[in-house]
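The structure appears right after this line, and notes come after that.
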Amino acid sequence: MLIAVVGATATGKSDLAIELALAAGGEVVNADSMQLYRGMDIGTAKLSLDERRGVPHHLLDVWDVTKPASVAEYAGLAQETIDDIERRGRTPVLVGGSGLYIRAALGDLDFPGTDAGVRERLEAELASAGPGPMHARLTERDPAAAAAILPSNGRRIVRALEVIEITGRPFSATMPSYEQGRPAVQIGIAMPRPELDRRIDARVDRMWELGLADEVRALEAEGLRGSRTASRALGYQQLLRHTSGEWTLEEARQETARGTRRFARRQESWFRRDPRVSWVPAGGDARARALDNLDHPERISAFPSFTSPVSG
């Protein structure tokens with residue numbers, strides 16, 4: 001049985017994944033895109049060895065910060081890791097809030113090839129014209145893909161236009177389907193938005209106290225600023241603007257918290273659309289409810305609206 005623990009940042013996914021791994025004889029497989037990077041520890045809330053409580057963790061600290069992220073490469077790594085865990089008679093517990101990476105590990109995605117010449121030309125256009133005109137072109141060619149990609153996300157816009165050009169098919173045709181991939185019990189952790197916002201603010205404050213600014217300075221010396229992917233991570237992106245003199249340290253902290261709250265809403269929206277996710281409320285009884293879902297995977301609950309507080 002493959003277990004996946006999903007949901008927004010700061011809801012307690014990592015802790016629940018460990019609890020489920022301990023209960024099911026499992027090992028954790030990371031599906032947080034930024035925890036794949038070595039040295040990005042504080043800003044990604046990467047668990048320490050003590051916090052992992054003896055549970056083996058896989059696919060942490062895999063890439064150097066200068067490496068561009070590749071969902072296709074991650075998919076291969078994740079599926080090899082899951083296969084190995086299952087061959088050893090253990091239970092893989094996938095955990096993360098990066099929706100595409102979860103779907104990639106589950107085998108839900110189709111990965112068309114790439115063309116270096118087309119990619120280089122589109123990236124040059126992005127650098128000169130910005131993402132706005134390119135997103136408008138994507139809207140004309142593939143409205144479904146444009147609706148799913150933020151107008152500011154130049155990297156994904158480039159990839160969508162590249163796929164359309166080299167395959168002659170809409171990029172949306174390669175996007176996730178809920179009918180394919182590995183069977184899995186997917187547990188989502190839900191939290192009322194005001195509480196989630198408070199937890200995000202507290203987490204960002206804690207990262208500042210632990211020395212995230214020093215971590216960013218150290219990684220900047222290793223090439224973080226020039227990275228196409230790692231430099232855009234929440235907290236790191238904002239602190240790079242601080243180290244360049246654009247923002248004060250306090251402005252960087254405030255923008256990190258604000259950006260993380262926005263990101264959490266996008267995470268909720270992504271996972272909420274997946275009918276395979278069974279939702280449990282965050283808190284003390286999340287473990288018991290999640291274990292009940294493992295025993296009865298046919299019980300699929302809707303995403304809580306939280307119009308009233310969740311009761312026990």
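Following the order of the structure tokens, chains are lettered A, B, ..., residues in each are numbered from 1, and ligands are numbered from 1.
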
Surrounding residues of Ala213 of chain A excluding itself and chain neighbours under 4 positions, 10 Å, only C-alpha atoms, as a CSV table (one decimal) with N, CA, C and O atoms, in the first residue's frame:
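Output contents, as saved in result.csv:
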chain,number,residue,atom,x,y,z
A,42,ILE,N,16.4,25.4,6.7
A,42,ILE,CA,15.6,26.2,7.6
A,42,ILE,C,14.3,26.7,6.8
A,42,ILE,O,13.2,26.6,7.3
A,43,GLY,N,14.6,27.2,5.6
A,43,GLY,CA,13.5,27.8,4.9
A,43,GLY,C,12.5,26.8,4.3
A,43,GLY,O,11.3,27.2,3.9
A,207,MET,N,11.7,30.7,11.5
A,207,MET,CA,12.8,30.6,10.5
A,207,MET,C,13.8,31.8,10.6
A,207,MET,O,15.0,31.6,10.5
A,208,TRP,N,13.2,33.0,10.8
A,208,TRP,CA,14.1,34.1,11.0
A,208,TRP,C,15.0,33.9,12.3
A,208,TRP,O,16.2,34.2,12.3
A,209,GLU,N,14.3,33.4,13.4
A,209,GLU,CA,15.1,33.2,14.6
A,209,GLU,C,16.2,32.2,14.4
A,209,GLU,O,17.2,32.3,15.0
A,217,ARG,N,22.7,33.6,2.8
A,217,ARG,CA,24.0,34.1,2.5
A,217,ARG,C,25.0,33.0,2.1
A,217,ARG,O,25.8,33.1,1.2
A,218,ALA,N,25.0,31.9,2.9
A,218,ALA,CA,25.9,30.8,2.6
A,218,ALA,C,25.5,30.2,1.2
A,218,ALA,O,26.4,29.8,0.5
A,219,LEU,N,24.3,30.0,0.9
A,219,LEU,CA,23.9,29.4,-0.3
A,219,LEU,C,24.1,30.4,-1.5
A,219,LEU,O,24.4,29.9,-2.6
A,235,GLY,N,11.0,32.7,1.0
A,235,GLY,CA,12.0,33.0,2.0
A,235,GLY,C,13.3,33.2,1.3
A,235,GLY,O,13.9,34.3,1.6
A,236,TYR,N,13.8,32.4,0.5
A,236,TYR,CA,15.1,32.5,-0.2
A,236,TYR,C,15.0,33.7,-1.2
A,236,TYR,O,15.8,34.5,-1.3
A,238,GLN,N,12.9,36.2,-1.2
A,238,GLN,CA,12.8,37.5,-0.5
A,238,GLN,C,14.1,37.9,0.2
A,238,GLN,O,14.4,39.1,0.1
A,239,LEU,N,14.8,37.0,0.7
A,239,LEU,CA,16.1,37.3,1.4
A,239,LEU,C,17.1,37.7,0.4
A,239,LEU,O,18.0,38.5,0.7
A,240,LEU,N,17.1,37.1,-0.8
A,240,LEU,CA,18.0,37.6,-1.9
A,240,LEU,C,17.8,39.0,-2.2
A,240,LEU,O,18.7,39.7,-2.6
A,242,HIS,N,16.8,41.1,-0.1
A,242,HIS,CA,17.4,41.8,1.1
A,242,HIS,C,18.9,42.0,0.9
A,242,HIS,O,19.5,43.0,1.1
A,243,THR,N,19.6,40.8,0.5
A,243,THR,CA,21.0,40.9,0.5
A,243,THR,C,21.5,41.7,-0.7
A,243,THR,O,22.6,42.2,-0.7
A,249,LEU,N,15.5,43.7,6.1
A,249,LEU,CA,15.3,42.3,6.6
A,249,LEU,C,13.8,42.2,7.0
A,249,LEU,O,13.2,41.1,6.8
A,252,ALA,N,11.6,41.7,4.0
A,252,ALA,CA,11.7,40.4,3.5
A,252,ALA,C,10.9,39.4,4.3
A,252,ALA,O,10.3,38.5,3.7
A,253,ARG,N,10.9,39.6,5.6
A,253,ARG,CA,10.1,38.7,6.5
A,253,ARG,C,8.6,38.9,6.2
A,253,ARG,O,7.9,37.9,6.0

I'd like the neighbourhood of Glu86 of chain A as a VMD selection string, where a residue qualifies if any of its atoms comes within 10 Å (using only C-alpha atoms), though same-chain residues fewer than 4 positions away should be ignored.
chain A and resid 1 to 2 26 to 27 81 to 82 90 to 92

May I have the residues within 12 Å of Arg52 of chain A as JSON, numbers by chain, using only C-alpha atoms and disregarding those fewer than 3 positions away in the same chain?
{"A": [14, 15, 16, 17, 18, 19, 21, 22, 27, 28, 46, 47, 48, 49, 55, 56, 57, 58]}

Just the selected residues (N, CA, C and O atoms), exported as a tab-separated table (two decimals), in the first residue's frame, please.
chain	number	residue	atom	x	y	z
A	14	SER	N	4.52	16.66	7.73
A	14	SER	CA	5.72	15.87	8.03
A	14	SER	C	5.53	15.03	9.28
A	14	SER	O	5.91	13.85	9.32
A	15	ASP	N	4.94	15.63	10.32
A	15	ASP	CA	4.73	14.89	11.56
A	15	ASP	C	3.74	13.74	11.36
A	15	ASP	O	3.94	12.64	11.89
A	16	LEU	N	2.66	14.01	10.60
A	16	LEU	CA	1.68	12.94	10.38
A	16	LEU	C	2.30	11.83	9.54
A	16	LEU	O	2.04	10.64	9.79
A	17	ALA	N	3.13	12.17	8.57
A	17	ALA	CA	3.77	11.14	7.75
A	17	ALA	C	4.63	10.22	8.62
A	17	ALA	O	4.64	8.99	8.43
A	18	ILE	N	5.33	10.79	9.59
A	18	ILE	CA	6.14	9.97	10.50
A	18	ILE	C	5.25	9.06	11.34
A	18	ILE	O	5.54	7.87	11.52
A	19	GLU	N	4.16	9.61	11.85
A	19	GLU	CA	3.24	8.80	12.65
A	19	GLU	C	2.70	7.62	11.83
A	19	GLU	O	2.63	6.48	12.31
A	21	ALA	N	4.10	6.28	9.15
A	21	ALA	CA	5.19	5.37	8.85
A	21	ALA	C	5.49	4.47	10.04
A	21	ALA	O	5.73	3.26	9.88
A	22	LEU	N	5.47	5.02	11.24
A	22	LEU	CA	5.71	4.22	12.43
A	22	LEU	C	4.61	3.18	12.62
A	22	LEU	O	4.86	2.04	13.01
A	27	GLU	N	8.47	3.96	5.33
A	27	GLU	CA	9.57	4.88	5.10
A	27	GLU	C	9.04	6.08	4.33
A	27	GLU	O	8.17	5.93	3.46
A	28	VAL	N	9.54	7.26	4.65
A	28	VAL	CA	9.02	8.49	4.08
A	28	VAL	C	9.74	8.83	2.78
A	28	VAL	O	10.97	8.71	2.68
A	46	LYS	N	12.83	21.56	6.79
A	46	LYS	CA	13.31	20.18	6.68
A	46	LYS	C	13.53	19.61	8.08
A	46	LYS	O	14.15	20.24	8.94
A	47	LEU	N	13.01	18.42	8.33
A	47	LEU	CA	13.14	17.82	9.65
A	47	LEU	C	14.59	17.42	9.93
A	47	LEU	O	15.30	16.94	9.04
A	48	SER	N	15.01	17.60	11.18
A	48	SER	CA	16.33	17.14	11.59
A	48	SER	C	16.30	15.62	11.77
A	48	SER	O	15.23	14.99	11.78
A	49	LEU	N	17.46	15.01	11.92
A	49	LEU	CA	17.52	13.56	12.13
A	49	LEU	C	16.74	13.16	13.37
A	49	LEU	O	16.03	12.14	13.38
A	55	VAL	N	12.72	7.07	11.48
A	55	VAL	CA	12.06	6.67	10.24
A	55	VAL	C	12.96	7.05	9.06
A	55	VAL	O	13.33	8.22	8.93
A	56	PRO	N	13.32	6.11	8.19
A	56	PRO	CA	14.13	6.47	7.02
A	56	PRO	C	13.41	7.47	6.13
A	56	PRO	O	12.20	7.33	5.88
A	57	HIS	N	14.13	8.47	5.67
A	57	HIS	CA	13.60	9.48	4.76
A	57	HIS	C	14.39	9.45	3.46
A	57	HIS	O	15.62	9.38	3.48
A	58	HIS	N	13.68	9.53	2.34
A	58	HIS	CA	14.31	9.44	1.03
A	58	HIS	C	14.06	10.72	0.22
A	58	HIS	O	13.05	11.41	0.42

Residue list (strand (DSSP E or B), DSSP) for segment 91-311 of chain A, as a PDB file with C-alpha atoms, in the first residue's frame:
ATOM      1  CA  THR A  91       5.238   0.883   3.204  1.00  0.00           C
ATOM      2  CA  PRO A  92       6.168   4.018   1.237  1.00  0.00           C
ATOM      3  CA  VAL A  93       4.722   7.208   2.746  1.00  0.00           C
ATOM      4  CA  LEU A  94       4.874  10.053   0.251  1.00  0.00           C
ATOM      5  CA  VAL A  95       4.666  13.514   1.799  1.00  0.00           C
ATOM      6  CA  VAL A 185      -4.426   6.114  -0.026  1.00  0.00           C
ATOM      7  CA  GLN A 186      -4.135   9.893  -0.065  1.00  0.00           C
ATOM      8  CA  ILE A 187      -4.622  11.741   3.211  1.00  0.00           C
ATOM      9  CA  GLY A 188      -5.072  15.512   3.124  1.00  0.00           C
ATOM     10  CA  ILE A 189      -4.648  17.669   6.212  1.00  0.00           C
ATOM     11  CA  ALA A 190      -7.166  20.506   6.364  1.00  0.00           C
ATOM     12  CA  VAL A 277      -7.881  12.707  -1.339  1.00  0.00           C
ATOM     13  CA  SER A 278      -9.513  11.874   1.972  1.00  0.00           C
ATOM     14  CA  TRP A 279      -9.408  14.877   4.288  1.00  0.00           C
ATOM     15  CA  VAL A 280      -8.745  14.891   8.021  1.00  0.00           C
ATOM     16  CA  PRO A 281      -8.731  17.988  10.230  1.00  0.00           C
TER      17      PRO A 281
END

When distances are computed from only C-alpha atoms, which of A:Arg232, A:Leu36, A:Asp64, A:Val5 shows the smallest separation from Ala290 of chain A?
A:Val5

Set the distance at 10 Å and use only C-alpha atoms: which residues neighbour segment 129-143 of chain A once local chain neighbours fewer than 5 positions away are removed? I'd like the list as a compact mmCIF listing (two decimals) with N, CA, C and O atoms, in the first residue's frame.
# COMPACT_ATOMS: atom_id res chain seq x y z
N LEU A 122 12.40 30.31 -26.61
CA LEU A 122 11.31 30.76 -25.75
C LEU A 122 11.83 31.43 -24.48
O LEU A 122 11.26 32.41 -24.00
N GLU A 123 12.93 30.91 -23.93
CA GLU A 123 13.50 31.53 -22.74
C GLU A 123 14.08 32.90 -23.06
O GLU A 123 14.02 33.82 -22.22
N ALA A 124 14.63 33.05 -24.25
CA ALA A 124 15.13 34.37 -24.66
C ALA A 124 13.97 35.35 -24.79
O ALA A 124 14.07 36.53 -24.40
N ALA A 148 -4.67 27.19 -15.85
CA ALA A 148 -4.05 26.45 -14.76
C ALA A 148 -2.66 26.97 -14.39
O ALA A 148 -2.09 26.55 -13.39
N ILE A 149 -2.11 27.90 -15.20
CA ILE A 149 -0.76 28.42 -14.98
C ILE A 149 -0.84 29.90 -14.66
O ILE A 149 -1.46 30.68 -15.39
N LEU A 150 -0.20 30.30 -13.58
CA LEU A 150 -0.21 31.71 -13.20
C LEU A 150 0.46 32.56 -14.28
O LEU A 150 1.49 32.16 -14.84
N PRO A 151 -0.11 33.73 -14.60
CA PRO A 151 0.49 34.60 -15.63
C PRO A 151 1.92 35.02 -15.30
O PRO A 151 2.66 35.42 -16.20
N SER A 152 2.32 34.93 -14.04
CA SER A 152 3.67 35.32 -13.65
C SER A 152 4.67 34.16 -13.68
O SER A 152 5.87 34.37 -13.49
N ASN A 153 4.18 32.95 -13.92
CA ASN A 153 5.05 31.77 -13.85
C ASN A 153 5.71 31.52 -15.21
O ASN A 153 5.28 30.68 -16.00
N GLY A 154 6.75 32.28 -15.48
CA GLY A 154 7.39 32.22 -16.77
C GLY A 154 7.93 30.84 -17.12
O GLY A 154 7.86 30.42 -18.29
N ARG A 155 8.47 30.14 -16.14
CA ARG A 155 9.06 28.82 -16.42
C ARG A 155 8.02 27.85 -16.94
O ARG A 155 8.24 27.12 -17.91
N ARG A 156 6.83 27.81 -16.31
CA ARG A 156 5.79 26.89 -16.76
C ARG A 156 5.15 27.35 -18.07
O ARG A 156 4.74 26.53 -18.89
N ILE A 157 5.07 28.66 -18.29
CA ILE A 157 4.54 29.16 -19.57
C ILE A 157 5.45 28.73 -20.71
O ILE A 157 4.99 28.26 -21.76
N VAL A 158 6.77 28.87 -20.49
CA VAL A 158 7.73 28.44 -21.52
C VAL A 158 7.56 26.96 -21.81
O VAL A 158 7.53 26.53 -22.97
N ALA A 160 4.93 25.06 -21.40
CA ALA A 160 3.66 24.79 -22.08
C ALA A 160 3.75 25.12 -23.56
O ALA A 160 3.33 24.34 -24.42
N LEU A 161 4.34 26.29 -23.87
CA LEU A 161 4.47 26.68 -25.28
C LEU A 161 5.43 25.75 -26.01
O LEU A 161 5.23 25.44 -27.20
N ILE A 164 3.53 22.52 -26.84
CA ILE A 164 2.60 22.76 -27.95
C ILE A 164 3.34 22.79 -29.28
O ILE A 164 2.90 22.20 -30.28
N ARG A 169 0.26 19.22 -29.89
CA ARG A 169 -0.89 18.94 -29.02
C ARG A 169 -1.00 20.02 -27.96
O ARG A 169 -0.01 20.64 -27.59
N PRO A 170 -2.19 20.22 -27.41
CA PRO A 170 -2.31 21.16 -26.28
C PRO A 170 -1.49 20.67 -25.08
O PRO A 170 -1.42 19.46 -24.82
N PHE A 171 -0.89 21.61 -24.39
CA PHE A 171 -0.17 21.25 -23.17
C PHE A 171 -1.12 20.64 -22.15
O PHE A 171 -0.74 19.76 -21.38
N SER A 172 -2.37 21.10 -22.14
CA SER A 172 -3.34 20.59 -21.17
C SER A 172 -3.59 19.10 -21.34
O SER A 172 -4.01 18.42 -20.40
N ALA A 173 -3.30 18.56 -22.53
CA ALA A 173 -3.48 17.12 -22.75
C ALA A 173 -2.47 16.31 -21.95
O ALA A 173 -2.67 15.11 -21.73

Which residue, A:Asp197, A:Glu251, A:Glu162, A:Asp61, has the smallest gap to Ala264 of chain A when you use only C-alpha atoms?
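With only C-alpha atoms as the atom set, the closest residue is A:Asp197.
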
Polymer residues at most 8 Å from segment 98-113 of chain A, only C-alpha atoms, same-chain spacing of 3 or more positions, as a list in words
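Once the nearby chain positions are removed, what remains is Ala4, Ala31, Asp32, Ser33, Val71, Ala72, Tyr74, Ala75, Gly76, Ala78, Gln79, Leu94, Val95, Val163, Thr167, Thr174, Met175, Pro176, Ser177, Tyr178, Gln180, Gly181, Arg182, Pro183, Ala184, Gln267, Trp270 and Phe271 of chain A.
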